[in-house]
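Trainee: My questions will all concern the structure given below.
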Amino acid sequence: MTNQTAAPPAGGTEVAGRVADVLLLFAGGPEYLGVSAISRELGISKAVVHRILQSLLSREMLETDPGTARYRLGPAAVALGVSALRRFNIRNAAAPALRRLRDETGETTTLSGLVGDERVYLDQFESPYEVKMTVEVGRRFPLHAGSSSRVILAFLPEERREAILGRPLAALTDRTVTDGAVLRDRLAEAAREGVAVSLGERQADAGSVAAPLFGPDGEVHGAISVCGPRHRFTPEAVDRYRVLVRDAADEITRNWTTRR
């Protein structure tokens with residue numbers, strides 16, 4: 001009997017390309033997609049799309065929307081996104097400014113990245129105070145609530161921003177803005193000032209001030225913030241933090257774009 005090396009399956013490269021195309025649809029389009037929409041957009045059969053989705057679902061690259069037949073990026077895809085952001089040297093570029101900002105304000109400073117249509121904490125420098133805010137690195141948050149989320153949303157391309165605003169907006173606290181018209185005004189203000197302020201929008205007892213970070217491609221990819229107990233975010237403190245956070249974000253963006 002002659003031993004033979006099996007030939008690679010025909011069409012393997014084509015299949016890999018289709019899988020990549022499906023993932024890219026989720027990365028750049030609506031949060032949720034169904035089989036029909038993907039089939040129509042990519043010009044491939046529903047049967048093929050369904051097989052690809054089931055494979056990605058089994059690896060947690062996608063997850064399903066409860067009660068519907070739609071899918072969105074899953075935790076494994078988010079982890080890859082976080083890893084990619086880290087490989088942009090954003091954490092290295094941000095660390096000196098965030099550490100100094102923490103020392104200047106006495107409050108916790110954070111770094112967030114945009115992953116899909118959500119925000120993920122990438123790093124933090126904790127306040128020395130006994131009573132302080134800390135964040136869960138790697139956790140996902142929506143883009144309509146909180147200063148870091150809102151300042152990212154304010155600088156997204158209009159079409160993508162409107163797609164996010166067109167979805168149901170959950171109230172995370174009794175201060176979360178869920179009215180589209182009001183939120184659009186807040187986003188316009190953040191875009192004009194280059195900074196966003198939250199007093200209890202995402203967490204009831206938290207205050208924060210955030211500014212956007214722009215990558216080498218000129219697009220918004222994240223944000224930095226100062227955050228702490230809401231009672232310490234007096235109008236005077238917030239006015240001071242606006243300037244400090246905006247200056248720190250400008251410095252980080254410059255460092256990031258020169259470290260390619």
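Each chain in the structure tokens gets a letter, A, B, ..., in the order shown, and its residues are numbered from 1; ligands are numbered from 1 in order too.
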Leaving out range 135-145 of chain A and any residue of its chain fewer than 2 positions from it, which residues lie within 7 Å of it when counting only C-alpha atoms, given as a list in words?
Mentor: Glu118, Arg119, Val120, Tyr121, Leu122, Asp123, Met133, Ser147, Ser149, Arg150, Leu153, Thr176, Glu201 and Arg202 of chain A
Trainee: Can those selected residues be exported to a file as a PDB file, in the first residue's frame so that it contains N, CA and C atoms?
Mentor:
```pdb
ATOM      1  N   GLU A 118     -19.281  49.084  20.537  1.00  0.00           N
ATOM      2  CA  GLU A 118     -19.242  49.171  21.982  1.00  0.00           C
ATOM      3  C   GLU A 118     -17.888  49.711  22.437  1.00  0.00           C
ATOM      4  N   ARG A 119     -17.813  49.994  23.714  1.00  0.00           N
ATOM      5  CA  ARG A 119     -16.573  50.510  24.301  1.00  0.00           C
ATOM      6  C   ARG A 119     -16.061  49.501  25.320  1.00  0.00           C
ATOM      7  N   VAL A 120     -14.729  49.359  25.370  1.00  0.00           N
ATOM      8  CA  VAL A 120     -14.094  48.417  26.293  1.00  0.00           C
ATOM      9  C   VAL A 120     -12.985  49.138  27.048  1.00  0.00           C
ATOM     10  N   TYR A 121     -12.937  48.968  28.376  1.00  0.00           N
ATOM     11  CA  TYR A 121     -11.823  49.505  29.144  1.00  0.00           C
ATOM     12  C   TYR A 121     -10.560  48.707  28.853  1.00  0.00           C
ATOM     13  N   LEU A 122      -9.467  49.415  28.558  1.00  0.00           N
ATOM     14  CA  LEU A 122      -8.185  48.786  28.261  1.00  0.00           C
ATOM     15  C   LEU A 122      -7.184  48.929  29.402  1.00  0.00           C
ATOM     16  N   ASP A 123      -7.308  49.988  30.188  1.00  0.00           N
ATOM     17  CA  ASP A 123      -6.324  50.229  31.247  1.00  0.00           C
ATOM     18  C   ASP A 123      -6.874  51.251  32.226  1.00  0.00           C
ATOM     19  N   MET A 133     -13.193  55.368  42.398  1.00  0.00           N
ATOM     20  CA  MET A 133     -13.792  54.570  41.332  1.00  0.00           C
ATOM     21  C   MET A 133     -12.725  53.655  40.741  1.00  0.00           C
ATOM     22  N   SER A 147     -19.359  59.333  29.975  1.00  0.00           N
ATOM     23  CA  SER A 147     -18.563  60.319  29.233  1.00  0.00           C
ATOM     24  C   SER A 147     -17.654  59.690  28.188  1.00  0.00           C
ATOM     25  N   SER A 149     -17.985  56.797  26.609  1.00  0.00           N
ATOM     26  CA  SER A 149     -18.808  56.284  25.511  1.00  0.00           C
ATOM     27  C   SER A 149     -19.322  57.422  24.642  1.00  0.00           C
ATOM     28  N   ARG A 150     -19.864  58.437  25.293  1.00  0.00           N
ATOM     29  CA  ARG A 150     -20.511  59.514  24.539  1.00  0.00           C
ATOM     30  C   ARG A 150     -19.509  60.310  23.706  1.00  0.00           C
ATOM     31  N   LEU A 153     -18.809  58.257  20.641  1.00  0.00           N
ATOM     32  CA  LEU A 153     -19.960  58.305  19.737  1.00  0.00           C
ATOM     33  C   LEU A 153     -20.044  59.647  19.017  1.00  0.00           C
ATOM     34  N   THR A 176     -29.494  58.365  32.769  1.00  0.00           N
ATOM     35  CA  THR A 176     -29.091  58.025  31.409  1.00  0.00           C
ATOM     36  C   THR A 176     -29.999  58.724  30.399  1.00  0.00           C
ATOM     37  N   GLU A 201     -24.634  59.020  34.741  1.00  0.00           N
ATOM     38  CA  GLU A 201     -25.305  58.460  33.567  1.00  0.00           C
ATOM     39  C   GLU A 201     -25.164  56.943  33.455  1.00  0.00           C
ATOM     40  N   ARG A 202     -23.965  56.441  33.753  1.00  0.00           N
ATOM     41  CA  ARG A 202     -23.727  55.004  33.639  1.00  0.00           C
ATOM     42  C   ARG A 202     -23.748  54.312  34.994  1.00  0.00           C
TER      43      ARG A 202
END
```
Trainee: For range 38-48 of chain A, list every protein, DNA or RNA residue within 10 Å, evaluated using only C-alpha atoms, and leave out those in the same chain fewer than 5 positions away; present the list as a list in words.
Mentor: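 My reading of the contact set: Val15, Arg18, Val19, Asp21, Val22, Leu25, Phe26, Leu33 and Leu53 of chain A.
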Trainee: If we count only C-alpha atoms and set the cut-off at 10 Å, which residues sit around range 57-74 of chain A, ignoring sequence neighbours fewer than 4 positions away in its own chain? Please answer as a PyMOL selection string.
Mentor: chain A and resi 23+26-27+30-37+51-53+78-80+115-117
Trainee: Kindly export the residues of the current selection with N, CA and C atoms, as a short mmCIF file (atom, residue, chain, number, x, y, z; two decimals), in the first residue's frame.
Mentor:
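Wrote result-v2.cif, looks like this:
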```
data_model
loop_
_atom_site.label_atom_id
_atom_site.label_comp_id
_atom_site.auth_asym_id
_atom_site.auth_seq_id
_atom_site.Cartn_x
_atom_site.Cartn_y
_atom_site.Cartn_z
N LEU A 23 -17.14 38.49 9.23
CA LEU A 23 -16.70 39.19 10.43
C LEU A 23 -16.54 40.68 10.18
N PHE A 26 -19.73 42.68 10.47
CA PHE A 26 -20.10 43.01 11.84
C PHE A 26 -19.23 44.14 12.39
N ALA A 27 -17.97 44.14 12.02
CA ALA A 27 -17.05 45.16 12.55
C ALA A 27 -17.40 46.55 12.05
N PRO A 30 -24.03 47.37 11.22
CA PRO A 30 -24.94 47.37 12.37
C PRO A 30 -24.47 46.37 13.43
N GLU A 31 -24.93 46.58 14.67
CA GLU A 31 -24.54 45.68 15.75
C GLU A 31 -25.06 44.27 15.50
N TYR A 32 -26.34 44.15 15.06
CA TYR A 32 -26.95 42.86 14.82
C TYR A 32 -27.19 42.65 13.33
N LEU A 33 -26.93 41.44 12.86
CA LEU A 33 -27.18 41.06 11.47
C LEU A 33 -27.81 39.68 11.43
N GLY A 34 -28.66 39.46 10.41
CA GLY A 34 -29.27 38.16 10.21
C GLY A 34 -28.74 37.48 8.96
N VAL A 35 -29.13 36.24 8.78
CA VAL A 35 -28.66 35.44 7.64
C VAL A 35 -29.01 36.12 6.32
N SER A 36 -30.23 36.59 6.19
CA SER A 36 -30.66 37.18 4.92
C SER A 36 -29.86 38.43 4.58
N ALA A 37 -29.63 39.29 5.57
CA ALA A 37 -28.89 40.53 5.33
C ALA A 37 -27.46 40.23 4.91
N ARG A 51 -23.85 28.19 7.73
CA ARG A 51 -22.75 27.34 8.18
C ARG A 51 -21.63 28.18 8.79
N ILE A 52 -21.32 29.29 8.15
CA ILE A 52 -20.26 30.17 8.67
C ILE A 52 -20.67 30.72 10.03
N LEU A 53 -21.90 31.16 10.15
CA LEU A 53 -22.37 31.73 11.42
C LEU A 53 -22.33 30.70 12.54
N VAL A 78 -14.43 40.34 20.60
CA VAL A 78 -14.08 41.52 21.39
C VAL A 78 -12.66 41.40 21.92
N ALA A 79 -12.30 40.20 22.39
CA ALA A 79 -10.94 39.99 22.89
C ALA A 79 -9.91 40.25 21.80
N LEU A 80 -10.21 39.81 20.57
CA LEU A 80 -9.30 40.08 19.45
C LEU A 80 -9.20 41.57 19.18
N VAL A 115 -14.61 48.98 20.23
CA VAL A 115 -14.62 47.61 19.69
C VAL A 115 -16.00 47.35 19.13
N GLY A 116 -16.10 47.25 17.79
CA GLY A 116 -17.40 47.13 17.17
C GLY A 116 -18.20 48.40 17.45
N ASP A 117 -19.40 48.25 17.95
CA ASP A 117 -20.23 49.39 18.33
C ASP A 117 -20.33 49.51 19.84
#
```
Trainee: Which residues are close to Gly207 in chain A, i.e. within 7 Å by only C-alpha atoms, leaving aside same-chain residues fewer than 2 positions away? Reply as a count of residues only.
Mentor: 9
Trainee: CA of Leu101 in chain A to CA of Leu156 in chain A: how many Å, to one decimal?
Mentor: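 One can read the CA of Leu101 in chain A to CA of Leu156 in chain A distance as 25.2 Å.
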Trainee: According to DSSP computed on the backbone, where in range 26-216 of chain A is there strand (DSSP E)? Give the residues as a tab-separated table (two decimals) with N, CA and C atoms, in the first residue's frame.
Mentor:
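Writing the result to out39.tsv gives the following:
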```
chain	number	residue	atom	x	y	z
A	33	LEU	N	-26.93	41.44	12.86
A	33	LEU	CA	-27.18	41.06	11.47
A	33	LEU	C	-27.81	39.68	11.43
A	34	GLY	N	-28.66	39.46	10.41
A	34	GLY	CA	-29.27	38.16	10.21
A	34	GLY	C	-28.74	37.48	8.96
A	62	LEU	N	-19.12	35.03	17.57
A	62	LEU	CA	-20.43	35.66	17.47
A	62	LEU	C	-21.30	35.17	18.61
A	63	GLU	N	-22.36	35.93	18.89
A	63	GLU	CA	-23.39	35.48	19.82
A	63	GLU	C	-24.74	35.89	19.26
A	64	THR	N	-25.79	35.23	19.73
A	64	THR	CA	-27.13	35.49	19.19
A	64	THR	C	-27.85	36.52	20.04
A	70	ARG	N	-30.90	36.86	14.90
A	70	ARG	CA	-29.80	37.73	14.50
A	70	ARG	C	-28.57	37.48	15.36
A	71	TYR	N	-27.44	37.95	14.86
A	71	TYR	CA	-26.16	37.70	15.50
A	71	TYR	C	-25.42	39.02	15.69
A	72	ARG	N	-24.47	39.00	16.64
A	72	ARG	CA	-23.56	40.12	16.82
A	72	ARG	C	-22.21	39.58	17.26
A	73	LEU	N	-21.19	40.46	17.29
A	73	LEU	CA	-19.86	40.03	17.72
A	73	LEU	C	-19.90	39.48	19.13
A	108	THR	N	-9.13	58.39	39.65
A	108	THR	CA	-8.77	57.30	38.74
A	108	THR	C	-8.85	57.78	37.29
A	109	THR	N	-7.86	57.40	36.50
A	109	THR	CA	-7.88	57.72	35.07
A	109	THR	C	-7.99	56.43	34.28
A	110	THR	N	-8.71	56.47	33.16
A	110	THR	CA	-8.98	55.25	32.39
A	110	THR	C	-8.68	55.45	30.91
A	111	LEU	N	-8.42	54.33	30.26
A	111	LEU	CA	-8.25	54.27	28.81
A	111	LEU	C	-9.29	53.31	28.26
A	112	SER	N	-10.05	53.75	27.27
A	112	SER	CA	-11.06	52.90	26.63
A	112	SER	C	-10.79	52.78	25.14
A	113	GLY	N	-11.16	51.64	24.57
A	113	GLY	CA	-11.06	51.42	23.13
A	113	GLY	C	-12.42	51.14	22.52
A	114	LEU	N	-12.59	51.54	21.27
A	114	LEU	CA	-13.80	51.25	20.51
A	114	LEU	C	-13.67	49.86	19.90
A	115	VAL	N	-14.61	48.98	20.23
A	115	VAL	CA	-14.62	47.61	19.69
A	115	VAL	C	-16.00	47.35	19.13
A	118	GLU	N	-19.28	49.08	20.54
A	118	GLU	CA	-19.24	49.17	21.98
A	118	GLU	C	-17.89	49.71	22.44
A	119	ARG	N	-17.81	49.99	23.71
A	119	ARG	CA	-16.57	50.51	24.30
A	119	ARG	C	-16.06	49.50	25.32
A	120	VAL	N	-14.73	49.36	25.37
A	120	VAL	CA	-14.09	48.42	26.29
A	120	VAL	C	-12.99	49.14	27.05
A	121	TYR	N	-12.94	48.97	28.38
A	121	TYR	CA	-11.82	49.51	29.14
A	121	TYR	C	-10.56	48.71	28.85
A	122	LEU	N	-9.47	49.41	28.56
A	122	LEU	CA	-8.19	48.79	28.26
A	122	LEU	C	-7.18	48.93	29.40
A	123	ASP	N	-7.31	49.99	30.19
A	123	ASP	CA	-6.32	50.23	31.25
A	123	ASP	C	-6.87	51.25	32.23
A	124	GLN	N	-6.27	51.31	33.42
A	124	GLN	CA	-6.65	52.32	34.40
A	124	GLN	C	-5.48	52.59	35.34
A	125	PHE	N	-5.46	53.78	35.90
A	125	PHE	CA	-4.51	54.16	36.95
A	125	PHE	C	-5.36	54.63	38.13
A	140	ARG	N	-17.46	45.31	28.31
A	140	ARG	CA	-18.07	46.08	27.22
A	140	ARG	C	-19.17	46.99	27.75
A	141	PHE	N	-19.31	48.16	27.11
A	141	PHE	CA	-20.34	49.11	27.49
A	141	PHE	C	-20.94	49.72	26.22
A	196	ALA	N	-16.53	65.33	27.09
A	196	ALA	CA	-17.88	65.00	27.57
A	196	ALA	C	-17.84	64.82	29.07
A	197	VAL	N	-18.94	65.18	29.72
A	197	VAL	CA	-19.06	65.08	31.17
A	197	VAL	C	-20.25	64.19	31.50
A	198	SER	N	-20.07	63.30	32.46
A	198	SER	CA	-21.16	62.44	32.92
A	198	SER	C	-21.26	62.54	34.44
A	199	LEU	N	-22.46	62.75	34.93
A	199	LEU	CA	-22.72	62.76	36.37
A	199	LEU	C	-23.85	61.77	36.64
A	206	ALA	N	-21.30	57.92	40.19
A	206	ALA	CA	-20.03	58.20	39.55
A	206	ALA	C	-20.06	59.49	38.74
A	207	GLY	N	-18.95	60.19	38.75
A	207	GLY	CA	-18.75	61.33	37.88
A	207	GLY	C	-17.55	61.08	36.99
A	208	SER	N	-17.55	61.65	35.79
A	208	SER	CA	-16.41	61.46	34.90
A	208	SER	C	-16.35	62.55	33.85
A	209	VAL	N	-15.13	62.78	33.37
A	209	VAL	CA	-14.88	63.71	32.27
A	209	VAL	C	-13.99	62.97	31.28
A	210	ALA	N	-14.32	62.99	29.99
A	210	ALA	CA	-13.60	62.20	28.99
A	210	ALA	C	-13.32	63.01	27.74
A	211	ALA	N	-12.27	62.59	27.03
A	211	ALA	CA	-11.91	63.19	25.74
A	211	ALA	C	-11.54	62.07	24.77
A	212	PRO	N	-11.72	62.29	23.47
A	212	PRO	CA	-11.49	61.23	22.48
A	212	PRO	C	-10.01	61.05	22.13
A	213	LEU	N	-9.71	59.85	21.65
A	213	LEU	CA	-8.37	59.54	21.13
A	213	LEU	C	-8.50	59.17	19.65
A	214	PHE	N	-7.64	59.73	18.83
A	214	PHE	CA	-7.65	59.49	17.40
A	214	PHE	C	-6.39	58.73	17.00
```
Trainee: What gap, in Å, lies between CA of Arg254 in chain A and CA of Phe155 in chain A?
Mentor: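 Straight-line distance from CA of Arg254 in chain A to CA of Phe155 in chain A works out to 17.3 Å.
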Trainee: If you measure from CA of Ala204 in chain A to CA of Arg99 in chain A, what distance in Å do you get, rounded to one decimal?
Mentor: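 Here the two named atoms are 25.6 Å from each other.
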Trainee: Mind the document's chain letters and residue numbers, and return as an MDAnalysis selection string the residues of range 71-250 of chain A that DSSP labels helix (DSSP H, G or I).
Mentor: chainID A and resid 75:87 90:105 147:154 158:165 180:193 230:232 235:250
